[in-house]
>>> print(open('my_file.txt').read())   # compact mmCIF, C-alpha atoms
# COMPACT_ATOMS: atom_id res chain seq x y z
CA MET T 224 -16.39 42.87 -29.22
CA ASP T 225 -16.63 41.21 -25.83
CA ASP T 226 -19.41 38.77 -24.99
CA LYS T 227 -21.11 41.05 -22.48
CA LYS T 228 -21.52 43.74 -25.12
CA ILE T 229 -22.86 41.20 -27.62
CA ILE T 230 -25.42 39.96 -25.12
CA GLU T 231 -26.49 43.51 -24.42
CA LEU T 232 -27.09 43.90 -28.14
CA TYR T 233 -29.26 40.78 -28.06
CA PHE T 234 -31.23 42.24 -25.18
CA ALA T 235 -31.56 45.51 -27.05
CA ARG T 236 -32.88 43.45 -30.00
CA SER T 237 -30.16 44.90 -32.19
CA GLN T 238 -29.32 42.95 -35.34
CA ASP T 239 -25.72 43.95 -34.71
CA ALA T 240 -25.68 41.10 -32.20
CA LEU T 241 -25.98 38.60 -35.05
CA HIS T 242 -23.24 40.29 -37.05
CA ALA T 243 -21.03 40.23 -33.98
CA VAL T 244 -21.54 36.53 -33.16
CA SER T 245 -21.20 35.62 -36.80
CA GLU T 246 -17.88 37.38 -36.95
CA LYS T 247 -16.61 36.16 -33.59
CA TYR T 248 -18.04 32.66 -33.34
CA GLY T 249 -18.83 31.79 -36.95
CA PRO T 250 -15.68 29.69 -37.50
CA TYR T 251 -16.09 28.00 -34.10
CA CYS T 252 -19.69 26.97 -34.73
CA ARG T 253 -18.98 26.05 -38.33
CA ALA T 254 -16.18 23.73 -37.25
CA ILE T 255 -18.54 21.90 -34.88
CA ALA T 256 -21.21 21.58 -37.57
CA TRP T 257 -18.71 20.50 -40.20
CA ASN T 258 -17.18 17.85 -37.94
CA ILE T 259 -20.64 16.35 -37.47
CA LEU T 260 -22.02 16.72 -40.98
CA GLY T 261 -18.92 16.71 -43.17
CA SER T 262 -20.58 19.02 -45.70
CA ASP T 263 -19.96 22.71 -46.37
CA GLN T 264 -23.53 23.44 -47.34
CA ASP T 265 -25.03 21.63 -44.35
CA ALA T 266 -22.55 23.25 -41.99
CA ASP T 267 -23.35 26.74 -43.28
CA GLU T 268 -27.08 26.15 -42.97
CA CYS T 269 -26.61 24.84 -39.47
CA VAL T 270 -24.65 27.88 -38.41
CA ASN T 271 -27.28 30.22 -39.86
CA ASP T 272 -29.93 28.29 -37.92
CA THR T 273 -27.78 28.73 -34.82
CA TRP T 274 -27.95 32.51 -35.08
CA LEU T 275 -31.70 32.32 -35.49
CA ARG T 276 -32.07 30.07 -32.43
CA SER T 277 -29.84 32.31 -30.39
CA TRP T 278 -31.97 35.29 -31.39
CA GLU T 279 -35.03 33.45 -30.08
CA ALA T 280 -33.32 32.33 -26.89
CA ILE T 281 -31.64 35.59 -25.80
CA PRO T 282 -33.48 37.12 -24.03
CA PRO T 283 -34.76 35.71 -21.76
CA GLN T 284 -31.61 33.62 -21.39
CA ARG T 285 -28.35 35.33 -20.52
CA PRO T 286 -25.51 32.87 -21.27
CA SER T 287 -22.47 32.91 -19.05
CA HIS T 288 -20.33 31.32 -21.78
CA LEU T 289 -21.60 32.66 -25.07
CA SER T 290 -19.30 30.47 -27.13
CA VAL T 291 -20.46 27.27 -25.42
CA PHE T 292 -24.07 28.42 -25.56
CA LEU T 293 -23.82 28.88 -29.31
CA GLY T 294 -21.78 25.71 -29.69
CA LYS T 295 -24.45 23.69 -27.92
CA ILE T 296 -27.12 24.99 -30.25
CA THR T 297 -24.96 24.22 -33.28
CA ARG T 298 -24.12 20.76 -32.03
CA ASN T 299 -27.74 19.94 -31.34
CA LEU T 300 -28.92 21.25 -34.70
CA ALA T 301 -26.15 19.41 -36.49
CA LEU T 302 -26.90 16.13 -34.72
CA ASN T 303 -30.58 16.48 -35.65
CA ARG T 304 -29.62 17.15 -39.23
CA TRP T 305 -27.22 14.23 -39.16
CA ALA T 306 -30.02 11.95 -37.85
CA ALA T 307 -32.29 13.11 -40.65
CA HIS T 308 -29.56 12.40 -43.19
CA LYS T 309 -28.98 9.01 -41.67
CA ALA T 310 -32.65 8.14 -42.15
CA LYS T 311 -32.21 9.02 -45.83
CA LYS T 312 -28.99 7.01 -45.85
CA ARG T 313 -26.72 9.89 -46.70
CA GLY T 314 -24.31 11.92 -44.65
CA ALA T 315 -20.68 12.00 -43.59
CA GLY T 316 -18.68 13.53 -40.74
CA GLU T 317 -17.22 12.03 -37.61
CA VAL T 318 -20.46 11.00 -35.91
CA PRO T 319 -20.65 7.43 -37.25
CA LEU T 320 -17.10 6.75 -36.05
CA ALA T 321 -17.76 8.34 -32.66
CA LEU T 322 -20.89 6.22 -32.30
CA VAL T 323 -18.99 3.05 -33.05
CA GLU T 324 -16.37 3.99 -30.45
CA LEU T 325 -19.00 4.78 -27.84
CA GLU T 326 -20.65 1.41 -28.36
CA GLU T 327 -17.91 0.25 -25.97
CA CYS T 328 -19.59 2.27 -23.23
CA VAL T 329 -22.98 0.61 -23.51
CA ALA T 330 -24.14 -2.85 -22.52
CA GLY T 331 -24.10 -5.47 -25.23
CA GLY T 332 -27.17 -6.93 -26.88
CA GLU T 333 -29.93 -5.44 -28.96
CA GLY T 334 -32.74 -5.71 -26.41
CA PRO T 335 -35.38 -3.03 -25.93
CA GLU T 336 -33.82 0.21 -24.83
CA GLU T 337 -34.98 1.35 -21.44
CA ALA T 338 -36.29 4.83 -21.14
CA LEU T 339 -33.53 6.73 -19.42
CA ASP T 340 -33.68 10.27 -18.24
CA GLU T 341 -31.15 12.07 -20.42
CA LYS T 342 -30.47 14.50 -17.61
CA VAL T 343 -29.39 11.66 -15.31
CA LEU T 344 -27.08 10.39 -18.01
CA THR T 345 -25.63 13.86 -18.58
CA GLU T 346 -24.96 14.29 -14.87
CA ALA T 347 -23.30 10.89 -14.66
CA ILE T 348 -21.01 11.64 -17.61
CA ALA T 349 -20.14 15.02 -16.08
CA ALA T 350 -19.44 13.38 -12.72
CA TYR T 351 -17.16 10.86 -14.39
CA LEU T 352 -15.31 13.59 -16.27
CA ARG T 353 -14.77 15.49 -13.04
CA THR T 354 -12.80 12.51 -11.73
CA GLN T 355 -10.39 12.86 -14.64
CA PRO T 356 -7.37 15.14 -14.97
CA MET T 357 -7.82 18.15 -17.18
CA LEU T 358 -5.87 16.88 -20.14
CA ARG T 359 -7.89 13.69 -20.31
CA ARG T 360 -11.13 15.65 -20.08
CA MET T 361 -9.94 17.83 -22.92
CA VAL T 362 -9.20 14.80 -25.08
CA PHE T 363 -12.62 13.29 -24.37
CA ILE T 364 -14.55 16.52 -24.94
CA ARG T 365 -12.68 17.22 -28.13
CA ARG T 366 -13.49 13.81 -29.50
CA TYR T 367 -17.09 13.36 -28.40
CA TRP T 368 -18.36 16.90 -28.05
CA TYR T 369 -16.48 18.71 -30.81
CA PHE T 370 -16.02 15.54 -32.90
CA ASN T 371 -12.40 16.32 -33.70
CA THR T 372 -10.45 13.47 -35.26
CA VAL T 373 -7.62 11.80 -33.34
CA PRO T 374 -4.86 13.40 -35.48
CA VAL T 375 -6.41 16.84 -34.94
CA ILE T 376 -6.64 16.32 -31.18
CA ALA T 377 -3.05 15.11 -31.07
CA ARG T 378 -1.86 18.17 -32.94
CA GLN T 379 -3.91 20.66 -30.94
CA LEU T 380 -2.91 19.18 -27.59
CA SER T 381 0.69 18.43 -28.56
CA MET T 382 0.32 14.74 -27.89
CA ALA T 383 1.16 11.58 -29.80
CA GLU T 384 -1.75 10.03 -31.68
CA GLY T 385 -1.16 6.77 -29.85
CA THR T 386 -1.49 8.56 -26.52
CA VAL T 387 -4.77 10.14 -27.59
CA LYS T 388 -6.12 6.80 -28.77
CA SER T 389 -5.10 5.00 -25.59
CA ALA T 390 -6.57 7.76 -23.42
CA LEU T 391 -9.87 7.56 -25.29
CA TYR T 392 -9.92 3.78 -25.09
CA ARG T 393 -9.24 3.86 -21.37
CA MET T 394 -11.86 6.53 -20.76
CA ARG T 395 -14.54 4.67 -22.70
CA ARG T 396 -13.83 1.59 -20.65
CA GLU T 397 -13.86 3.56 -17.40
CA LEU T 398 -17.02 5.43 -18.36
CA LYS T 399 -18.81 2.16 -18.98
CA GLU T 400 -17.73 0.90 -15.57
CA TYR T 401 -18.73 4.19 -13.97
CA LEU T 402 -22.19 4.17 -15.52
CA GLU T 403 -22.72 0.56 -14.47
CA LYS T 404 -21.64 1.40 -10.94
CA GLU T 405 -24.16 4.23 -10.92
CA GLY T 406 -26.85 1.78 -12.03
CA ILE T 407 -27.15 3.34 -15.47
CA THR T 408 -27.56 0.81 -18.23
CA LEU T 409 -27.92 1.96 -21.78
CA MET U 141 -28.67 3.39 -31.36
CA LYS U 142 -27.69 3.28 -27.70
CA SER U 143 -24.43 5.14 -28.13
CA GLU U 144 -26.33 7.98 -29.80
CA LYS U 145 -27.96 8.58 -26.41
CA LEU U 146 -24.52 9.22 -24.99
CA LEU U 147 -23.71 11.76 -27.67
CA ARG U 148 -27.03 13.52 -27.13
CA ALA U 149 -26.62 13.52 -23.36
CA MET U 150 -23.23 15.15 -23.70
CA ASN U 151 -24.81 18.19 -25.28
CA ASP U 152 -25.81 19.50 -21.88
CA LEU U 153 -22.55 18.88 -20.09
CA PRO U 154 -21.48 21.73 -17.80
CA GLU U 155 -20.28 24.70 -19.79
CA HIS U 156 -16.89 24.89 -18.13
CA LEU U 157 -16.09 21.33 -19.26
CA ILE U 158 -16.99 22.15 -22.83
CA ALA U 159 -15.11 25.45 -22.76
CA GLU U 160 -12.08 23.76 -21.21
CA GLY U 161 -12.07 21.22 -24.03
CA ASN U 162 -11.49 23.96 -26.54
CA VAL U 163 -8.29 25.22 -24.94
CA ARG U 164 -5.04 24.55 -26.78
CA ARG U 165 -1.85 23.39 -25.15
CA HIS U 166 1.47 24.92 -25.95
CA PRO U 167 3.52 22.55 -28.15
CA LEU U 168 6.58 23.02 -25.93
CA ILE U 169 4.79 21.25 -23.06
CA ARG U 170 5.33 17.87 -24.65
CA ILE U 171 8.95 18.56 -25.42
CA ALA U 172 9.52 19.73 -21.86
CA ALA U 173 7.82 16.62 -20.46
CA VAL U 174 10.00 14.29 -22.52
CA ALA U 175 13.14 16.22 -21.61
CA VAL U 176 12.45 16.08 -17.89
CA CYS U 177 11.51 12.38 -18.10
CA LEU U 178 14.90 11.72 -19.64
CA LEU U 179 16.60 13.79 -16.98
CA LEU U 180 14.83 11.87 -14.23
CA LEU U 181 15.74 8.53 -15.74
CA VAL U 182 19.35 9.41 -16.41
CA SER U 183 19.96 10.94 -12.99
CA GLY U 184 18.22 8.08 -11.21
CA LEU U 185 19.68 5.20 -13.18
CA TYR U 186 23.24 6.51 -13.27
CA PRO U 187 24.35 4.67 -10.09
CA TYR U 188 22.77 1.46 -11.42
CA PHE U 189 24.52 1.55 -14.77
CA ARG U 190 27.76 2.71 -13.21
CA SER U 191 27.82 -0.30 -10.89
CA ARG U 192 27.05 -2.64 -13.79
CA GLY U 193 29.86 -1.17 -15.82
CA GLN U 194 32.31 -1.71 -13.00
CA SER U 195 31.43 -5.39 -12.81
CA GLY U 196 32.41 -5.86 -16.42
CA ASP U 197 28.96 -6.89 -17.65
CA GLY U 198 29.29 -5.10 -20.95
CA MET U 199 26.19 -4.27 -22.97
CA ALA U 200 23.19 -6.44 -22.11
CA ILE U 201 21.15 -7.89 -24.98
CA GLY U 202 17.48 -6.93 -24.95
CA VAL U 203 14.82 -9.44 -26.02
CA THR U 204 11.03 -9.62 -26.03
CA VAL U 205 9.13 -12.43 -24.34
CA ASN U 206 5.33 -12.43 -24.44
CA GLY U 207 5.15 -8.70 -25.05
CA ALA U 208 7.53 -7.76 -22.23
CA LEU U 209 11.12 -6.60 -22.50
CA TYR U 210 14.00 -8.46 -20.88
CA GLU U 211 17.76 -8.36 -20.78
CA ILE U 212 20.02 -11.40 -20.94
CA HIS U 213 22.48 -11.52 -18.03
CA ALA U 214 25.07 -14.02 -16.96
CA PRO U 215 24.80 -15.48 -13.45
CA GLY U 216 27.00 -13.53 -11.08
CA SER U 217 26.69 -10.32 -13.06
CA ALA U 218 25.90 -7.12 -11.20
CA ALA U 219 22.42 -6.97 -12.71
CA ALA U 220 21.69 -10.56 -11.65
CA ARG U 221 22.93 -9.90 -8.13
CA GLN U 222 20.95 -6.70 -7.88
CA THR U 223 17.86 -8.63 -8.88
CA GLY U 224 18.56 -11.06 -6.04
CA LEU U 225 19.53 -14.01 -8.23
CA PRO U 226 22.07 -16.70 -7.28
CA ASP U 227 25.55 -16.60 -8.81
CA VAL U 228 25.13 -20.08 -10.22
CA ILE U 229 22.21 -21.46 -12.22
CA GLY U 230 21.65 -25.11 -11.36
CA GLU U 231 19.59 -27.46 -13.53
CA GLU U 232 17.08 -27.74 -10.68
CA MET U 233 16.32 -24.03 -11.14
CA VAL U 234 15.19 -24.50 -14.74
CA GLY U 235 11.43 -24.86 -15.00
CA LEU U 236 9.05 -25.46 -17.85
CA GLN U 237 9.78 -23.92 -21.20
CA VAL U 238 7.38 -21.06 -21.94
CA GLU U 239 8.70 -19.72 -25.23
CA THR U 240 11.45 -20.02 -27.79
CA ILE U 241 13.36 -16.96 -28.94
CA ASP U 242 16.32 -16.58 -31.30
CA GLN U 243 18.75 -16.84 -28.39
CA GLY U 244 17.34 -20.11 -27.04
CA ALA U 245 14.58 -21.62 -24.91
CA VAL U 246 12.86 -19.41 -22.34
CA CYS U 247 12.14 -21.40 -19.19
CA GLN U 248 10.49 -20.59 -15.91
CA TYR U 249 12.68 -19.66 -12.97
CA ARG U 250 11.69 -22.45 -10.64
CA PRO U 251 12.84 -21.00 -7.28
CA VAL U 252 10.21 -18.25 -7.55
CA GLU U 253 6.98 -19.33 -9.12
CA ASN U 254 4.02 -17.19 -10.21
CA GLN U 255 6.14 -14.36 -11.53
CA ARG U 256 7.50 -13.26 -14.89
CA ALA U 257 10.25 -10.92 -13.79
CA VAL U 258 12.93 -13.57 -14.19
CA TYR U 259 13.23 -16.42 -16.65
CA ILE U 260 16.11 -18.71 -17.45
CA LEU U 261 17.40 -18.77 -20.99
CA GLU U 262 18.78 -22.10 -22.10
CA GLN U 263 21.01 -21.41 -25.07
CA GLU U 264 21.67 -23.97 -27.79
CA ASN U 265 25.14 -24.69 -26.44
CA GLY U 266 23.59 -25.52 -23.06
CA VAL U 267 24.71 -22.30 -21.39
CA LEU U 268 22.18 -20.93 -18.92
CA ARG U 269 21.50 -17.22 -18.57
CA TYR U 270 19.02 -15.09 -16.70
CA LEU U 271 16.36 -13.09 -18.50
CA ILE U 272 15.60 -10.08 -16.32
CA PHE U 273 12.46 -8.00 -16.84
CA THR U 274 13.04 -4.38 -17.82
CA GLY U 275 9.57 -3.21 -18.82
CA TYR U 276 6.46 -3.72 -20.89
CA TYR U 277 6.38 -2.82 -24.53
CA ILE U 278 3.62 -0.33 -25.34
CA PRO U 279 3.47 -0.03 -29.13
CA GLY U 280 3.03 3.39 -30.68
CA ASP U 281 3.40 5.20 -27.41
CA ASN U 282 5.51 8.30 -26.89
CA GLY U 283 6.76 7.12 -23.50
CA ASN U 284 4.10 8.70 -21.35
CA ALA U 285 1.68 5.77 -21.10
CA HIS U 286 1.77 3.44 -18.14
CA VAL U 287 1.06 -0.09 -17.00
CA GLU U 288 -1.26 -0.45 -14.00
CA ALA U 289 0.69 -0.75 -10.77
CA ASP U 290 -1.00 -3.99 -9.73
CA GLN U 291 0.17 -5.56 -12.98
CA MET U 292 3.69 -4.34 -12.32
CA PHE U 293 3.60 -5.92 -8.86
CA LEU U 294 2.19 -9.13 -10.33
CA THR U 295 5.14 -9.25 -12.69
CA TYR U 296 7.26 -9.89 -9.62
CA GLY U 297 4.70 -12.24 -8.09
CA VAL U 298 3.50 -9.67 -5.57
CA THR U 299 -0.23 -9.91 -4.93
CA GLY U 300 -0.33 -8.23 -1.53
CA PRO U 301 1.88 -6.39 0.98
CA GLU U 302 2.70 -9.70 2.65
CA ASP U 303 4.67 -10.56 -0.50
CA LEU U 304 7.00 -7.60 0.08
CA ALA U 305 10.08 -7.96 2.28
CA SER U 306 11.59 -4.48 2.26
CA VAL U 307 11.84 -1.10 0.59
CA SER U 308 15.24 0.61 0.55
CA TRP U 309 16.75 3.90 -0.52
CA GLY U 310 20.12 5.37 0.27
CA GLU U 311 21.22 3.78 3.55
CA GLU U 312 17.63 3.22 4.66
CA THR U 313 15.93 -0.20 4.56
CA VAL U 314 12.37 -0.44 5.84
CA THR U 315 10.85 -3.82 6.70
CA ASP U 316 8.04 -2.56 8.89
CA THR U 317 4.83 -4.32 7.82
CA ALA U 318 2.69 -1.21 8.27
CA PHE U 319 5.00 0.76 5.98
CA LEU U 320 5.05 -2.04 3.41
CA ALA U 321 1.25 -2.24 3.47
CA ASP U 322 1.03 1.52 3.02
CA PHE U 323 3.59 1.36 0.22
CA PHE U 324 1.72 -1.42 -1.59
CA HIS U 325 -1.71 0.14 -1.17
CA THR U 326 -0.49 3.56 -2.24
CA PHE U 327 0.17 2.11 -5.67
CA THR U 328 -2.60 -0.42 -6.00
CA SER U 329 -5.33 1.95 -4.84
CA LEU U 330 -4.48 4.31 -7.67
CA SER U 331 -7.01 4.46 -10.42
CA GLY U 332 -7.19 6.65 -13.45
CA ALA U 333 -4.72 9.06 -14.88
CA ASP U 334 -5.01 11.36 -11.85
CA CYS U 335 -2.74 9.07 -9.97
CA TYR U 336 -0.45 7.88 -12.71
CA GLY U 337 0.08 11.25 -14.25
CA GLN U 338 0.91 9.76 -17.61
CA LEU U 339 -0.93 12.48 -19.47
CA ASP U 340 -0.54 15.29 -17.00
CA PHE U 341 3.01 14.31 -16.19
CA SER U 342 4.39 17.53 -17.60
CA GLU U 343 2.22 19.49 -15.19
CA GLN U 344 3.67 17.73 -12.19
CA LEU U 345 7.21 18.68 -12.94
CA ASP U 346 8.64 21.73 -11.33
CA ASP U 347 12.37 22.15 -11.01
CA GLY U 348 13.36 19.00 -12.87
CA LYS U 349 15.56 17.66 -10.07
CA GLY U 350 16.59 14.05 -10.28
CA GLY U 351 15.18 11.42 -7.95
CA VAL U 352 16.42 8.80 -5.57
CA ALA U 353 16.73 5.12 -6.47
CA VAL U 354 14.28 3.04 -4.41
CA TRP U 355 14.82 -0.70 -4.20
CA ILE U 356 11.94 -3.09 -3.55
CA GLU U 357 12.51 -6.66 -2.41
CA THR U 358 9.91 -9.39 -2.41
CA ALA U 359 9.50 -12.08 0.22
CA SER U 360 10.82 -14.53 -2.37
CA GLY U 361 14.02 -12.50 -2.76
CA LEU U 362 13.53 -10.74 -6.08
CA ARG U 363 14.64 -7.13 -6.18
CA TRP U 364 14.05 -4.24 -8.53
CA SER U 365 14.36 -0.50 -8.43
CA GLY U 366 12.43 2.62 -9.34
CA ILE U 367 13.18 6.31 -9.18
CA TYR U 368 11.30 8.56 -6.78
CA SER U 369 11.36 12.32 -7.15
CA GLU U 370 10.05 14.11 -4.09
CA THR U 371 9.95 17.41 -5.93
CA THR U 372 7.45 16.00 -8.40
CA SER U 373 5.95 13.21 -6.23
CA VAL U 374 6.46 10.92 -9.21
CA PHE U 375 7.70 7.35 -8.91
CA SER U 376 9.14 6.06 -12.17
CA TRP U 377 9.12 2.33 -12.47
CA CYS U 378 10.29 0.54 -15.62
CA GLY U 379 9.17 3.40 -17.84
CA ASN U 380 5.90 3.99 -15.97
CA HIS U 381 5.26 7.17 -14.01
CA TYR U 382 3.07 7.08 -10.92
CA LEU U 383 2.00 10.27 -9.25
CA LEU U 384 2.01 9.70 -5.47
CA GLU U 385 0.56 12.73 -3.79
CA GLU U 386 0.35 10.98 -0.40
CA SER U 387 3.60 9.12 -0.80
CA PRO U 388 5.01 6.88 1.93
CA LEU U 389 8.36 7.75 0.35
CA ALA U 390 8.05 11.44 1.15
CA GLY U 391 11.34 12.53 2.65
CA ALA U 392 13.31 9.77 0.92
CA GLU U 393 16.81 10.99 0.15
CA ALA U 394 19.82 9.34 -1.34
CA SER U 395 22.70 8.90 1.07
>>> encode(input="my_file.txt", output="C-alpha cells")
Amino acid sequence: MDDKKIIELYFARSQDALHAVSEKYGPYCRAIAWNILGSDQDADECVNDTWLRSWEAIPPQRPSHLSVFLGKITRNLALNRWAAHKAKKRGAGEVPLALVELEECVAGGEGPEEALDEKVLTEAIAAYLRTQPMLRRMVFIRRYWYFNTVPVIARQLSMAEGTVKSALYRMRRELKEYLEKEGITL
Amino acid sequence: MKSEKLLRAMNDLPEHLIAEGNVRRHPLIRIAAVAVCLLLLVSGLYPYFRSRGQSGDGMAIGVTVNGALYEIHAPGSAAARQTGLPDVIGEEMVGLQVETIDQGAVCQYRPVENQRAVYILEQENGVLRYLIFTGYYIPGDNGNAHVEADQMFLTYGVTGPEDLASVSWGEETVTDTAFLADFFHTFTSLSGADCYGQLDFSEQLDDGKGGVAVWIETASGLRWSGIYSETTSVFSWCGNHYLLEESPLAGAEAS
C-alpha cells in the first residue's frame, strides 16, 4: 500500500492504517530501535509505542515522508528508553559507542553545560551536512541517526570499512570545527 | 553527556537527509570505481614507465620513511632526472641523517631544504642513491582516500604559488605567475570530500578515458607529475584524487 493511502486511513481513523504501517515499516522501525537498545523485547515495545504515537499525531499532521516520520518517533522513543536504562545501569546497543565517537565533536572539559537551543544545533548540523557530498552524508546519517555499525555501513554502501571509519573521523573533526565557527559550543 | 545533545538534535534533521541515508548503493559501483582508477593510472603513467624502462633503470626498490613511500634510484637514472636531480651526488649534497632503514642511512637532500620529496640514501658500502617520494601510506584504505593537497605541496617544499616555477603538459609549459597562483589555490582552497572526490569518485567518472600527464616544477627545481582527466575533472596525484570542477587545466591535452 502506498503512503498516501495509509495516511488517508489514518485520517479516516481506520485501524487498517496501523496494520499497514506495521507491515510496511515494522522492520525499518524495529531496526532503528534494535540498533539503539540492542534488545528484542525493548525494540518490539518501542515499535508498538511508535504506532500508538503515530495514531495520536496523524491527524492533524500529514507527513511528507511517512517512513522518516515513523523512524523519528521510533528513534526518539528508543533514545528515551535507552536513557532510562542507562540510569538503571543496564542497556546495550550502539548508542554508547556513538556517544564516545561524538565526544570528538564537543569542547573538552566537564564544565557546566550551557543551555543551547536544540533547534539551533539541529540546523547547524543540517547545514554542515549540506556541505558534504551525498555519500558522506549517507555514511554519517547511517552511523549517527540509524546507529548502524561500521561493518554494516560498509556492506550496505559497498565501501571498505577503513574508508567508512576515515570518513566518519574526518566528518566528526569537521563538524566540531563547523560548530565552533558558528559559535556553538557544547 | 554533551555528545548526547548531538544525538538528540539529530532527531529533527531534515527528512530528505534522513531518507537519503537509508538508500543503498549498488555493489558494482565500488568495483567500477577501482577499475576506472586503475585505467586512469595505467594510461597516464605509461609514458613515465616506458621512458624509465628505456633508460635501463630496472625495477626500483620501494621503501618507507616516516610513513611515506619512496623509491631508491641511482643518480642519472631517468626517474632522478625527471625529478630534477643532478646526475652526480656530491658529499656536499648529503645533509643530516633523519632515519636508518635496512638499505642504509636516510639523509636530507641539502640542495633543497624544507622538503621531504627527496632524500639521499647512504648505503653501507658508501654508495649514494636518491630516495624519491612516491606517495603516502594510508593503512587499511581501499585506495580511495586522499592526503590534503596542501600537505602534498609541502612534501615538495611548496608553501605558496611563489614556490612554483612551471606547470607542463604535452608540449605546453606555463610559467605565468597568475596561472601558477590559480593552479596552487585551486588545490589548496579545496576542503572536504566535495573537492577531493575520494568517496564520490565513482560518480565523477563518465567514459573512463585516460588523462594527460601534468608535470609540476618548483622554484627549487624539483619536479613531479600527476594525471589530469578532463572528462572527469579529476587530478590524480601520487594515489590521491582531486576533483577540480573549476580547473585551470581545463583544455589540457597531451601532444
>>> closest_residue(input="my_file.txt", among="T:Pro374, T:Gly294, T:Gly385, T:Gly249", to="chain U", atoms="all atoms listed in the file")
T:Gly385
>>> residues_near_point(input="my_file.txt", point="(-4.7, 12.5, -33.0)", cutoff="12 Å", atoms="only C-alpha atoms", output="number ranges by chain")
T: 362-363, 365-366, 370-391
>>> closest_residue(input="my_file.txt", among="U:Ala149, U:Ile356, U:Ala219, U:Ile229", to="chain T", atoms="all atoms listed in the file")
U:Ala149
>>> interface_residues(input="my_file.txt", of="chain T", to="chain U", cutoff="8 Å", atoms="only C-alpha atoms", output="JSON, numbers by chain")
{"T": [288, 290, 291, 292, 295, 298, 299, 322, 323, 325, 326, 328, 329, 336, 341, 342, 344, 345, 346, 348, 349, 354, 355, 356, 357, 358, 359, 360, 361, 362, 363, 364, 365, 367, 368, 379, 380, 381, 382, 383, 385, 386, 409]}
>>> write_last_selection(input="my_file.txt", atoms="C-alpha atoms", output="PDB file, in the coordinates of the input")
ATOM      1  CA  HIS T 288     -20.330  31.320 -21.780  1.00  0.00           C
ATOM      2  CA  SER T 290     -19.300  30.470 -27.130  1.00  0.00           C
ATOM      3  CA  VAL T 291     -20.460  27.270 -25.420  1.00  0.00           C
ATOM      4  CA  PHE T 292     -24.070  28.420 -25.560  1.00  0.00           C
ATOM      5  CA  LYS T 295     -24.450  23.690 -27.920  1.00  0.00           C
ATOM      6  CA  ARG T 298     -24.120  20.760 -32.030  1.00  0.00           C
ATOM      7  CA  ASN T 299     -27.740  19.940 -31.340  1.00  0.00           C
ATOM      8  CA  LEU T 322     -20.890   6.220 -32.300  1.00  0.00           C
ATOM      9  CA  VAL T 323     -18.990   3.050 -33.050  1.00  0.00           C
ATOM     10  CA  LEU T 325     -19.000   4.780 -27.840  1.00  0.00           C
ATOM     11  CA  GLU T 326     -20.650   1.410 -28.360  1.00  0.00           C
ATOM     12  CA  CYS T 328     -19.590   2.270 -23.230  1.00  0.00           C
ATOM     13  CA  VAL T 329     -22.980   0.610 -23.510  1.00  0.00           C
ATOM     14  CA  GLU T 336     -33.820   0.210 -24.830  1.00  0.00           C
ATOM     15  CA  GLU T 341     -31.150  12.070 -20.420  1.00  0.00           C
ATOM     16  CA  LYS T 342     -30.470  14.500 -17.610  1.00  0.00           C
ATOM     17  CA  LEU T 344     -27.080  10.390 -18.010  1.00  0.00           C
ATOM     18  CA  THR T 345     -25.630  13.860 -18.580  1.00  0.00           C
ATOM     19  CA  GLU T 346     -24.960  14.290 -14.870  1.00  0.00           C
ATOM     20  CA  ILE T 348     -21.010  11.640 -17.610  1.00  0.00           C
ATOM     21  CA  ALA T 349     -20.140  15.020 -16.080  1.00  0.00           C
ATOM     22  CA  THR T 354     -12.800  12.510 -11.730  1.00  0.00           C
ATOM     23  CA  GLN T 355     -10.390  12.860 -14.640  1.00  0.00           C
ATOM     24  CA  PRO T 356      -7.370  15.140 -14.970  1.00  0.00           C
ATOM     25  CA  MET T 357      -7.820  18.150 -17.180  1.00  0.00           C
ATOM     26  CA  LEU T 358      -5.870  16.880 -20.140  1.00  0.00           C
ATOM     27  CA  ARG T 359      -7.890  13.690 -20.310  1.00  0.00           C
ATOM     28  CA  ARG T 360     -11.130  15.650 -20.080  1.00  0.00           C
ATOM     29  CA  MET T 361      -9.940  17.830 -22.920  1.00  0.00           C
ATOM     30  CA  VAL T 362      -9.200  14.800 -25.080  1.00  0.00           C
ATOM     31  CA  PHE T 363     -12.620  13.290 -24.370  1.00  0.00           C
ATOM     32  CA  ILE T 364     -14.550  16.520 -24.940  1.00  0.00           C
ATOM     33  CA  ARG T 365     -12.680  17.220 -28.130  1.00  0.00           C
ATOM     34  CA  TYR T 367     -17.090  13.360 -28.400  1.00  0.00           C
ATOM     35  CA  TRP T 368     -18.360  16.900 -28.050  1.00  0.00           C
ATOM     36  CA  GLN T 379      -3.910  20.660 -30.940  1.00  0.00           C
ATOM     37  CA  LEU T 380      -2.910  19.180 -27.590  1.00  0.00           C
ATOM     38  CA  SER T 381       0.690  18.430 -28.560  1.00  0.00           C
ATOM     39  CA  MET T 382       0.320  14.740 -27.890  1.00  0.00           C
ATOM     40  CA  ALA T 383       1.160  11.580 -29.800  1.00  0.00           C
ATOM     41  CA  GLY T 385      -1.160   6.770 -29.850  1.00  0.00           C
ATOM     42  CA  THR T 386      -1.490   8.560 -26.520  1.00  0.00           C
ATOM     43  CA  LEU T 409     -27.920   1.960 -21.780  1.00  0.00           C
TER      44      LEU T 409
END
>>> atom_distance(input="my_file.txt", atom1="CA of Ala254 in chain T", atom2="CA of Gly316 in chain T")
11.1 Å
>>> atom_distance(input="my_file.txt", atom1="CA of Thr371 in chain U", atom2="CA of Tyr276 in chain U")
26.1 Å
>>> closest_residue(input="my_file.txt", among="T:Asp265, T:Asp340, T:Asp226, T:Glu317", to="Ala240 in chain T", atoms="only C-alpha atoms")
T:Asp226
>>> atom_distance(input="my_file.txt", atom1="CA of Ser245 in chain T", atom2="CA of Asn303 in chain T")
21.3 Å
>>> axis_aligned_box(input="my_file.txt", around="range 245-257 of chain T", padding_each_side="8 Å", output="JSON")
{"center_x": -18.4, "center_y": 28.9, "center_z": -36.8, "size_x": 21.5, "size_y": 32.9, "size_z": 22.9}
>>> residues_around(input="my_file.txt", residues="Ser262 in chain T", least_positions_apart="4", cutoff="12 Å", atoms="all atoms listed in the file", output="list in words")
Arg253, Ala254, Ile255, Ala256, Trp257, Asn258, Ala266, Asp267, Glu268, Cys269, Ala301, Arg304, Trp305, His308, Arg313, Gly314, Ala315, Gly316 and Glu317 of chain T
>>> closest_residue(input="my_file.txt", among="U:Leu209, U:Tyr382, U:Val238, U:Thr274", to="Ser329 in chain U", atoms="only C-alpha atoms")
U:Tyr382
